[in-house]
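*Asks:* My file is upload_7.cif. It has mmCIF, N, CA and C atoms:
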```cif
data_start
#
loop_
_atom_site.label_atom_id
_atom_site.label_comp_id
_atom_site.auth_asym_id
_atom_site.auth_seq_id
_atom_site.Cartn_x
_atom_site.Cartn_y
_atom_site.Cartn_z
N MET A 13 3.19 -15.47 14.37
CA MET A 13 2.18 -14.69 13.67
C MET A 13 2.79 -14.17 12.36
N PRO A 14 2.20 -14.52 11.22
CA PRO A 14 2.79 -14.18 9.93
C PRO A 14 2.84 -12.68 9.61
N GLY A 15 1.75 -11.94 9.81
CA GLY A 15 1.76 -10.51 9.54
C GLY A 15 1.23 -10.15 8.17
N THR A 16 1.51 -8.89 7.80
CA THR A 16 0.94 -8.31 6.58
C THR A 16 2.01 -7.48 5.86
N LEU A 17 2.06 -7.59 4.55
CA LEU A 17 2.90 -6.76 3.70
C LEU A 17 1.97 -5.97 2.80
N LEU A 18 2.06 -4.64 2.86
CA LEU A 18 1.20 -3.78 2.04
C LEU A 18 2.03 -3.03 1.01
N LEU A 19 1.49 -2.92 -0.19
CA LEU A 19 2.15 -2.21 -1.28
C LEU A 19 1.46 -0.89 -1.52
N ASP A 20 2.23 0.20 -1.48
CA ASP A 20 1.66 1.49 -1.88
C ASP A 20 1.70 1.57 -3.40
N SER A 21 1.45 2.73 -3.95
CA SER A 21 1.37 2.89 -5.40
C SER A 21 2.65 2.45 -6.10
N GLU A 22 3.79 2.85 -5.59
CA GLU A 22 5.05 2.47 -6.23
C GLU A 22 5.29 0.97 -6.10
N GLY A 23 5.02 0.40 -4.95
CA GLY A 23 5.19 -1.03 -4.77
C GLY A 23 4.30 -1.82 -5.71
N LEU A 24 3.05 -1.40 -5.82
CA LEU A 24 2.11 -2.09 -6.70
C LEU A 24 2.51 -1.90 -8.17
N SER A 25 2.90 -0.70 -8.53
CA SER A 25 3.34 -0.41 -9.89
C SER A 25 4.53 -1.28 -10.26
N ARG A 26 5.45 -1.42 -9.32
CA ARG A 26 6.63 -2.26 -9.58
C ARG A 26 6.25 -3.74 -9.68
N LEU A 27 5.25 -4.16 -8.92
CA LEU A 27 4.77 -5.53 -9.06
C LEU A 27 4.21 -5.74 -10.46
N TYR A 28 3.42 -4.78 -10.93
CA TYR A 28 2.88 -4.87 -12.29
C TYR A 28 3.99 -5.04 -13.32
N LEU A 29 5.13 -4.37 -13.08
CA LEU A 29 6.24 -4.39 -14.03
C LEU A 29 7.25 -5.50 -13.74
N ASN A 30 6.92 -6.39 -12.79
CA ASN A 30 7.75 -7.54 -12.44
C ASN A 30 9.13 -7.13 -11.92
N ASP A 31 9.17 -6.06 -11.14
CA ASP A 31 10.41 -5.57 -10.54
C ASP A 31 11.01 -6.63 -9.62
N ARG A 32 12.29 -6.91 -9.77
CA ARG A 32 12.95 -7.98 -9.01
C ARG A 32 12.87 -7.77 -7.50
N GLN A 33 13.09 -6.53 -7.05
CA GLN A 33 13.08 -6.26 -5.61
C GLN A 33 11.70 -6.52 -5.01
N VAL A 34 10.67 -6.05 -5.65
CA VAL A 34 9.31 -6.24 -5.14
C VAL A 34 8.90 -7.71 -5.25
N VAL A 35 9.23 -8.35 -6.34
CA VAL A 35 8.92 -9.78 -6.49
C VAL A 35 9.61 -10.58 -5.39
N ALA A 36 10.85 -10.23 -5.06
CA ALA A 36 11.58 -10.93 -3.98
C ALA A 36 10.87 -10.74 -2.64
N PHE A 37 10.39 -9.53 -2.36
CA PHE A 37 9.62 -9.29 -1.13
C PHE A 37 8.38 -10.18 -1.10
N LEU A 38 7.67 -10.27 -2.22
CA LEU A 38 6.45 -11.07 -2.26
C LEU A 38 6.75 -12.56 -2.14
N GLN A 39 7.84 -13.01 -2.73
CA GLN A 39 8.21 -14.42 -2.59
C GLN A 39 8.55 -14.75 -1.14
N ALA A 40 9.28 -13.86 -0.48
CA ALA A 40 9.62 -14.06 0.93
C ALA A 40 8.35 -14.05 1.78
N ALA A 41 7.43 -13.15 1.47
CA ALA A 41 6.17 -13.08 2.20
C ALA A 41 5.39 -14.38 2.04
N ALA A 42 5.30 -14.89 0.83
CA ALA A 42 4.58 -16.13 0.58
C ALA A 42 5.21 -17.29 1.34
N ALA A 43 6.53 -17.33 1.38
CA ALA A 43 7.23 -18.41 2.09
C ALA A 43 6.96 -18.37 3.58
N GLU A 44 6.72 -17.19 4.12
CA GLU A 44 6.47 -17.02 5.55
C GLU A 44 4.99 -17.01 5.91
N GLY A 45 4.12 -17.07 4.91
CA GLY A 45 2.68 -17.03 5.17
C GLY A 45 2.15 -15.64 5.46
N VAL A 46 2.90 -14.63 5.04
CA VAL A 46 2.50 -13.24 5.23
C VAL A 46 1.47 -12.86 4.18
N ARG A 47 0.40 -12.21 4.61
CA ARG A 47 -0.62 -11.74 3.67
C ARG A 47 -0.11 -10.49 2.96
N VAL A 48 -0.34 -10.40 1.68
CA VAL A 48 0.08 -9.25 0.88
C VAL A 48 -1.16 -8.52 0.40
N GLY A 49 -1.13 -7.19 0.48
CA GLY A 49 -2.30 -6.45 0.05
C GLY A 49 -1.99 -5.02 -0.34
N THR A 50 -3.05 -4.34 -0.70
CA THR A 50 -3.02 -2.93 -1.05
C THR A 50 -4.44 -2.41 -0.83
N THR A 51 -4.70 -1.18 -1.27
CA THR A 51 -6.04 -0.62 -1.15
C THR A 51 -6.64 -0.40 -2.53
N ALA A 52 -7.97 -0.32 -2.56
CA ALA A 52 -8.66 -0.06 -3.83
C ALA A 52 -8.20 1.27 -4.44
N MET A 53 -7.96 2.27 -3.60
CA MET A 53 -7.51 3.57 -4.11
C MET A 53 -6.10 3.46 -4.71
N THR A 54 -5.27 2.61 -4.12
CA THR A 54 -3.92 2.42 -4.63
C THR A 54 -3.95 1.75 -5.99
N VAL A 55 -4.90 0.85 -6.20
CA VAL A 55 -5.04 0.20 -7.50
C VAL A 55 -5.26 1.27 -8.58
N ILE A 56 -6.09 2.25 -8.28
CA ILE A 56 -6.35 3.33 -9.23
C ILE A 56 -5.09 4.16 -9.44
N GLU A 57 -4.42 4.50 -8.36
CA GLU A 57 -3.23 5.35 -8.42
C GLU A 57 -2.09 4.67 -9.19
N ALA A 58 -1.93 3.35 -9.05
CA ALA A 58 -0.79 2.65 -9.64
C ALA A 58 -0.99 2.26 -11.10
N ASP A 59 -2.21 2.33 -11.60
CA ASP A 59 -2.47 1.90 -12.96
C ASP A 59 -1.77 2.82 -13.96
N HIS A 60 -1.09 2.23 -14.92
CA HIS A 60 -0.46 3.04 -15.96
C HIS A 60 -0.27 2.24 -17.23
N ALA A 61 0.01 2.92 -18.31
CA ALA A 61 0.04 2.31 -19.64
C ALA A 61 1.20 1.33 -19.84
N ARG A 62 2.27 1.43 -19.06
CA ARG A 62 3.41 0.54 -19.28
C ARG A 62 3.11 -0.90 -18.88
N ALA A 63 2.14 -1.11 -18.02
CA ALA A 63 1.80 -2.47 -17.58
C ALA A 63 0.62 -2.98 -18.40
N HIS A 64 0.75 -4.17 -18.93
CA HIS A 64 -0.32 -4.78 -19.72
C HIS A 64 -1.50 -5.08 -18.79
N PRO A 65 -2.73 -4.82 -19.25
CA PRO A 65 -3.90 -5.09 -18.40
C PRO A 65 -3.97 -6.52 -17.87
N ALA A 66 -3.52 -7.49 -18.66
CA ALA A 66 -3.53 -8.88 -18.19
C ALA A 66 -2.55 -9.06 -17.03
N ARG A 67 -1.42 -8.40 -17.08
CA ARG A 67 -0.43 -8.48 -15.99
C ARG A 67 -1.01 -7.84 -14.73
N ILE A 68 -1.72 -6.73 -14.88
CA ILE A 68 -2.35 -6.07 -13.73
C ILE A 68 -3.39 -7.00 -13.11
N ARG A 69 -4.23 -7.59 -13.93
CA ARG A 69 -5.25 -8.53 -13.40
C ARG A 69 -4.60 -9.70 -12.69
N TRP A 70 -3.54 -10.25 -13.26
CA TRP A 70 -2.82 -11.37 -12.66
C TRP A 70 -2.26 -10.96 -11.29
N ALA A 71 -1.59 -9.81 -11.23
CA ALA A 71 -0.99 -9.34 -9.97
C ALA A 71 -2.07 -9.13 -8.91
N LEU A 72 -3.16 -8.49 -9.28
CA LEU A 72 -4.23 -8.21 -8.31
C LEU A 72 -4.94 -9.49 -7.85
N SER A 73 -4.91 -10.52 -8.67
CA SER A 73 -5.56 -11.78 -8.26
C SER A 73 -4.77 -12.49 -7.18
N ARG A 74 -3.54 -12.06 -6.94
CA ARG A 74 -2.67 -12.73 -5.98
C ARG A 74 -2.49 -11.96 -4.68
N ILE A 75 -3.14 -10.81 -4.56
CA ILE A 75 -3.03 -10.03 -3.33
C ILE A 75 -4.43 -9.61 -2.87
N ASP A 76 -4.51 -9.22 -1.60
CA ASP A 76 -5.77 -8.69 -1.06
C ASP A 76 -5.90 -7.23 -1.46
N VAL A 77 -7.06 -6.84 -1.92
CA VAL A 77 -7.34 -5.44 -2.22
C VAL A 77 -8.40 -4.98 -1.23
N HIS A 78 -7.99 -4.10 -0.31
CA HIS A 78 -8.87 -3.64 0.77
C HIS A 78 -9.75 -2.49 0.29
N ASP A 79 -11.03 -2.61 0.58
CA ASP A 79 -11.97 -1.54 0.25
C ASP A 79 -11.71 -0.32 1.12
N VAL A 80 -12.00 0.84 0.57
CA VAL A 80 -11.94 2.08 1.33
C VAL A 80 -13.39 2.46 1.63
N THR A 81 -13.79 2.18 2.84
CA THR A 81 -15.17 2.37 3.27
C THR A 81 -15.37 3.76 3.87
N ARG A 82 -16.60 4.06 4.19
CA ARG A 82 -16.93 5.33 4.85
C ARG A 82 -16.16 5.44 6.17
N GLU A 83 -16.10 4.35 6.93
CA GLU A 83 -15.39 4.35 8.21
C GLU A 83 -13.90 4.62 8.03
N ILE A 84 -13.30 3.99 7.03
CA ILE A 84 -11.88 4.24 6.75
C ILE A 84 -11.69 5.69 6.32
N GLY A 85 -12.60 6.21 5.52
CA GLY A 85 -12.53 7.61 5.12
C GLY A 85 -12.60 8.55 6.32
N SER A 86 -13.47 8.26 7.26
CA SER A 86 -13.58 9.10 8.47
C SER A 86 -12.31 9.03 9.30
N GLN A 87 -11.76 7.83 9.44
CA GLN A 87 -10.52 7.68 10.21
C GLN A 87 -9.35 8.36 9.50
N ALA A 88 -9.32 8.28 8.17
CA ALA A 88 -8.27 8.94 7.41
C ALA A 88 -8.36 10.46 7.55
N ALA A 89 -9.58 11.00 7.51
CA ALA A 89 -9.75 12.45 7.69
C ALA A 89 -9.29 12.87 9.08
N ALA A 90 -9.60 12.08 10.09
CA ALA A 90 -9.15 12.39 11.45
C ALA A 90 -7.63 12.33 11.55
N LEU A 91 -7.02 11.37 10.88
CA LEU A 91 -5.57 11.25 10.87
C LEU A 91 -4.93 12.47 10.21
N LEU A 92 -5.52 12.94 9.13
CA LEU A 92 -5.00 14.14 8.47
C LEU A 92 -5.13 15.36 9.37
N ARG A 93 -6.27 15.49 10.05
CA ARG A 93 -6.44 16.62 10.98
C ARG A 93 -5.40 16.55 12.09
N GLU A 94 -5.18 15.35 12.61
CA GLU A 94 -4.20 15.17 13.70
C GLU A 94 -2.81 15.64 13.29
N HIS A 95 -2.45 15.40 12.04
CA HIS A 95 -1.11 15.76 11.56
C HIS A 95 -1.10 17.07 10.76
N ARG A 96 -2.25 17.75 10.74
CA ARG A 96 -2.38 19.03 10.04
C ARG A 96 -1.96 18.95 8.58
N LEU A 97 -2.46 17.91 7.93
CA LEU A 97 -2.20 17.69 6.51
C LEU A 97 -3.50 17.85 5.74
N HIS A 98 -3.40 18.20 4.47
CA HIS A 98 -4.58 18.45 3.65
C HIS A 98 -4.91 17.21 2.81
N GLY A 99 -6.19 16.89 2.75
CA GLY A 99 -6.65 15.73 2.01
C GLY A 99 -6.36 15.78 0.53
N HIS A 100 -6.27 16.97 -0.05
CA HIS A 100 -6.01 17.09 -1.48
C HIS A 100 -4.72 16.38 -1.86
N LYS A 101 -3.71 16.51 -1.03
CA LYS A 101 -2.40 15.92 -1.31
C LYS A 101 -2.23 14.54 -0.66
N TYR A 102 -2.83 14.32 0.50
CA TYR A 102 -2.52 13.14 1.30
C TYR A 102 -3.68 12.15 1.47
N ALA A 103 -4.77 12.31 0.74
CA ALA A 103 -5.95 11.46 0.94
C ALA A 103 -5.65 9.97 0.75
N ILE A 104 -5.00 9.63 -0.33
CA ILE A 104 -4.73 8.21 -0.60
C ILE A 104 -3.78 7.65 0.44
N ASP A 105 -2.74 8.40 0.80
CA ASP A 105 -1.80 7.95 1.83
C ASP A 105 -2.50 7.77 3.17
N ALA A 106 -3.41 8.66 3.50
CA ALA A 106 -4.11 8.57 4.79
C ALA A 106 -5.00 7.34 4.84
N ALA A 107 -5.74 7.06 3.78
CA ALA A 107 -6.58 5.86 3.74
C ALA A 107 -5.71 4.60 3.80
N PHE A 108 -4.62 4.62 3.09
CA PHE A 108 -3.66 3.50 3.10
C PHE A 108 -3.14 3.30 4.52
N ALA A 109 -2.80 4.39 5.21
CA ALA A 109 -2.26 4.30 6.57
C ALA A 109 -3.28 3.73 7.54
N VAL A 110 -4.53 4.11 7.41
CA VAL A 110 -5.58 3.57 8.28
C VAL A 110 -5.66 2.05 8.10
N ILE A 111 -5.60 1.58 6.88
CA ILE A 111 -5.65 0.14 6.61
C ILE A 111 -4.40 -0.53 7.17
N ALA A 112 -3.24 0.09 6.99
CA ALA A 112 -1.99 -0.47 7.53
C ALA A 112 -2.04 -0.57 9.05
N ARG A 113 -2.56 0.46 9.70
CA ARG A 113 -2.63 0.48 11.16
C ARG A 113 -3.54 -0.60 11.72
N SER A 114 -4.53 -1.03 10.93
CA SER A 114 -5.48 -2.01 11.43
C SER A 114 -5.20 -3.43 10.93
N ALA A 115 -4.20 -3.60 10.10
CA ALA A 115 -3.87 -4.92 9.55
C ALA A 115 -3.22 -5.79 10.62
N PRO A 116 -3.37 -7.10 10.49
CA PRO A 116 -2.71 -8.01 11.43
C PRO A 116 -1.19 -7.84 11.38
N GLY A 117 -0.58 -7.67 12.52
CA GLY A 117 0.85 -7.40 12.59
C GLY A 117 1.68 -8.67 12.67
N PRO A 118 2.96 -8.51 12.48
CA PRO A 118 3.63 -7.25 12.16
C PRO A 118 3.29 -6.79 10.73
N VAL A 119 3.27 -5.47 10.56
CA VAL A 119 2.90 -4.88 9.28
C VAL A 119 4.12 -4.20 8.67
N THR A 120 4.36 -4.50 7.40
CA THR A 120 5.43 -3.85 6.63
C THR A 120 4.79 -3.21 5.41
N VAL A 121 5.23 -1.99 5.10
CA VAL A 121 4.75 -1.26 3.93
C VAL A 121 5.92 -1.02 2.99
N LEU A 122 5.72 -1.32 1.71
CA LEU A 122 6.70 -0.99 0.68
C LEU A 122 6.24 0.28 -0.03
N THR A 123 7.11 1.30 -0.04
CA THR A 123 6.70 2.60 -0.56
C THR A 123 7.88 3.38 -1.14
N SER A 124 7.57 4.30 -2.02
CA SER A 124 8.58 5.25 -2.49
C SER A 124 8.49 6.55 -1.69
N ASP A 125 7.58 6.59 -0.74
CA ASP A 125 7.32 7.80 0.06
C ASP A 125 7.41 7.47 1.55
N PRO A 126 8.60 7.04 2.03
CA PRO A 126 8.69 6.59 3.41
C PRO A 126 8.43 7.67 4.45
N GLU A 127 8.75 8.92 4.17
CA GLU A 127 8.58 9.98 5.17
C GLU A 127 7.10 10.17 5.52
N ASP A 128 6.27 10.36 4.49
CA ASP A 128 4.84 10.60 4.74
C ASP A 128 4.17 9.38 5.37
N LEU A 129 4.47 8.20 4.86
CA LEU A 129 3.80 7.01 5.40
C LEU A 129 4.31 6.65 6.79
N THR A 130 5.56 6.93 7.09
CA THR A 130 6.05 6.71 8.46
C THR A 130 5.27 7.60 9.43
N LEU A 131 5.07 8.85 9.06
CA LEU A 131 4.31 9.77 9.90
C LEU A 131 2.87 9.28 10.07
N LEU A 132 2.21 8.93 8.98
CA LEU A 132 0.80 8.57 9.03
C LEU A 132 0.54 7.18 9.62
N CYS A 133 1.44 6.25 9.38
CA CYS A 133 1.23 4.88 9.87
C CYS A 133 1.57 4.72 11.35
N GLY A 134 2.49 5.53 11.85
CA GLY A 134 2.86 5.42 13.24
C GLY A 134 3.89 4.33 13.49
N PRO A 135 4.28 4.17 14.75
CA PRO A 135 5.39 3.28 15.09
C PRO A 135 5.11 1.78 14.96
N ARG A 136 3.86 1.39 14.89
CA ARG A 136 3.51 -0.03 14.80
C ARG A 136 3.82 -0.62 13.42
N VAL A 137 3.96 0.23 12.41
CA VAL A 137 4.13 -0.21 11.03
C VAL A 137 5.58 0.05 10.59
N LEU A 138 6.23 -0.96 10.04
CA LEU A 138 7.56 -0.81 9.49
C LEU A 138 7.42 -0.33 8.05
N VAL A 139 7.98 0.84 7.76
CA VAL A 139 7.89 1.41 6.41
C VAL A 139 9.25 1.23 5.73
N VAL A 140 9.24 0.58 4.58
CA VAL A 140 10.47 0.27 3.83
C VAL A 140 10.43 1.05 2.53
N GLY A 141 11.45 1.87 2.31
CA GLY A 141 11.55 2.66 1.09
C GLY A 141 12.04 1.83 -0.08
N LEU A 142 11.45 2.09 -1.23
CA LEU A 142 11.87 1.42 -2.47
C LEU A 142 12.75 2.35 -3.27
#
```
Could you render the structure from this file as structure tokens?
*Replies:*
Amino acid sequence: MPGTLLLDSEGLSRLYLNDRQVVAFLQAAAAEGVRVGTTAMTVIEADHARAHPARIRWALSRIDVHDVTREIGSQAAALLREHRLHGHKYAIDAAFAVIARSAPGPVTVLTSDPEDLTLLCGPRVLVVGL
């Protein structure tokens, strides 16, 4: 079973900037048939002026971008309540975690925030710090 590799904001931002470490992860994923993705909210969070818009479009054309639906929002809110976290600070991470928890496994997440995502994603998801 190939699995899923998900990029949080830092992972996606580094992909936009052609970071060697992230590109190597994506090349390894492609070689193994692992699906690579992120969330629509992460696309918004990762956008910045240092990356050319054409590079962003190119990067996004090569990965899955998961919608954040009403159901995902409800599950994310429940996850935040469970961990006594506030949506103002953790909303994007919570929605990302819900998508990671439901992705075909094994699931790996690339992030600059391993503590929060490890807590929110749970033991089924391998969280790798960048």
*Asks:* Mind listing the alpha helix (DSSP H) residues of stretch 16-111 of chain A, per DSSP on the backbone, as a count of residues only?
*Replies:* 62
*Asks:* Can you tell me, as a PyMOL selection string, what residues are no more than 8 Å from A:Thr16 when counting all atoms listed in the file, ignoring any on the same chain fewer than 5 positions away?
*Replies:* chain A and resi 41+45-49+115-121
*Asks:* On this structure, the PyMOL selection byres ((chain A and resi 77) around 6) would catch which residues? List them as a PyMOL selection string, sorted by chain and number.
*Replies:* chain A and resi 49-52+75-76+78-79
*Asks:* Determine, counting all atoms listed in the file, which protein, DNA and RNA residues have an atom within 6 Å of an atom of stretch 20-29 of chain A; residues of the same chain fewer than 4 positions away are not included. Present the result as a list in words.
*Replies:*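 Residues near the query, excluding close chain neighbours: Val34, Val35, Thr54, Glu57, Ala58, Ala63, Arg67, Ile68, Val121, Leu122, Thr123 and Ser124 of chain A.
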*Asks:* Tell me, in Å to one decimal, how far atom CA of A:Glu83 is from atom N of A:Tyr102.
*Replies:* 17.8 Å
*Asks:* For atom N of A:Gln39 and atom CA of A:Val139, determine how far apart the two atoms are, in Å to one decimal place.
*Replies:*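 The value is 17.1 Å.
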*Asks:* One number please: atom CA of A:Asn30 to atom N of A:Gly134, in Å, one decimal.
*Replies:*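 Distance between the two atoms: 28.1 Å.
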*Asks:* Determine the residue membership of the PyMOL selection byres ((chain A and resi 109-113) around 7) for the file above and supply it as a CSV table (one decimal) with N, CA and C atoms, in the coordinates of the input.
*Replies:*
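For reference, selection_37.csv as written:
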```
chain,number,residue,atom,x,y,z
A,84,ILE,N,-13.3,4.0,7.0
A,84,ILE,CA,-11.9,4.2,6.8
A,84,ILE,C,-11.7,5.7,6.3
A,87,GLN,N,-11.8,7.8,9.4
A,87,GLN,CA,-10.5,7.7,10.2
A,87,GLN,C,-9.4,8.4,9.5
A,88,ALA,N,-9.3,8.3,8.2
A,88,ALA,CA,-8.3,8.9,7.4
A,88,ALA,C,-8.4,10.5,7.6
A,104,ILE,N,-5.0,9.6,-0.3
A,104,ILE,CA,-4.7,8.2,-0.6
A,104,ILE,C,-3.8,7.6,0.4
A,105,ASP,N,-2.7,8.4,0.8
A,105,ASP,CA,-1.8,8.0,1.8
A,105,ASP,C,-2.5,7.8,3.2
A,106,ALA,N,-3.4,8.7,3.5
A,106,ALA,CA,-4.1,8.6,4.8
A,106,ALA,C,-5.0,7.3,4.8
A,107,ALA,N,-5.7,7.1,3.8
A,107,ALA,CA,-6.6,5.9,3.7
A,107,ALA,C,-5.7,4.6,3.8
A,108,PHE,N,-4.6,4.6,3.1
A,108,PHE,CA,-3.7,3.5,3.1
A,108,PHE,C,-3.1,3.3,4.5
A,114,SER,N,-4.5,-1.0,10.9
A,114,SER,CA,-5.5,-2.0,11.4
A,114,SER,C,-5.2,-3.4,10.9
A,115,ALA,N,-4.2,-3.6,10.1
A,115,ALA,CA,-3.9,-4.9,9.6
A,115,ALA,C,-3.2,-5.8,10.6
A,116,PRO,N,-3.4,-7.1,10.5
A,116,PRO,CA,-2.7,-8.0,11.4
A,116,PRO,C,-1.2,-7.8,11.4
A,119,VAL,N,3.3,-5.5,10.6
A,119,VAL,CA,2.9,-4.9,9.3
A,119,VAL,C,4.1,-4.2,8.7
A,129,LEU,N,4.5,8.2,4.9
A,129,LEU,CA,3.8,7.0,5.4
A,129,LEU,C,4.3,6.6,6.8
A,132,LEU,N,2.2,8.9,9.0
A,132,LEU,CA,0.8,8.6,9.0
A,132,LEU,C,0.5,7.2,9.6
A,133,CYS,N,1.4,6.2,9.4
A,133,CYS,CA,1.2,4.9,9.9
A,133,CYS,C,1.6,4.7,11.4
A,136,ARG,N,3.9,1.4,14.9
A,136,ARG,CA,3.5,0.0,14.8
A,136,ARG,C,3.8,-0.6,13.4
A,137,VAL,N,4.0,0.2,12.4
A,137,VAL,CA,4.1,-0.2,11.0
A,137,VAL,C,5.6,0.0,10.6
```
*Asks:* Find, counting only C-alpha atoms, the residue in A:Lys101, A:Leu17, A:His64, A:Pro126 that gets nearest to A:Phe37.
*Replies:* A:Leu17
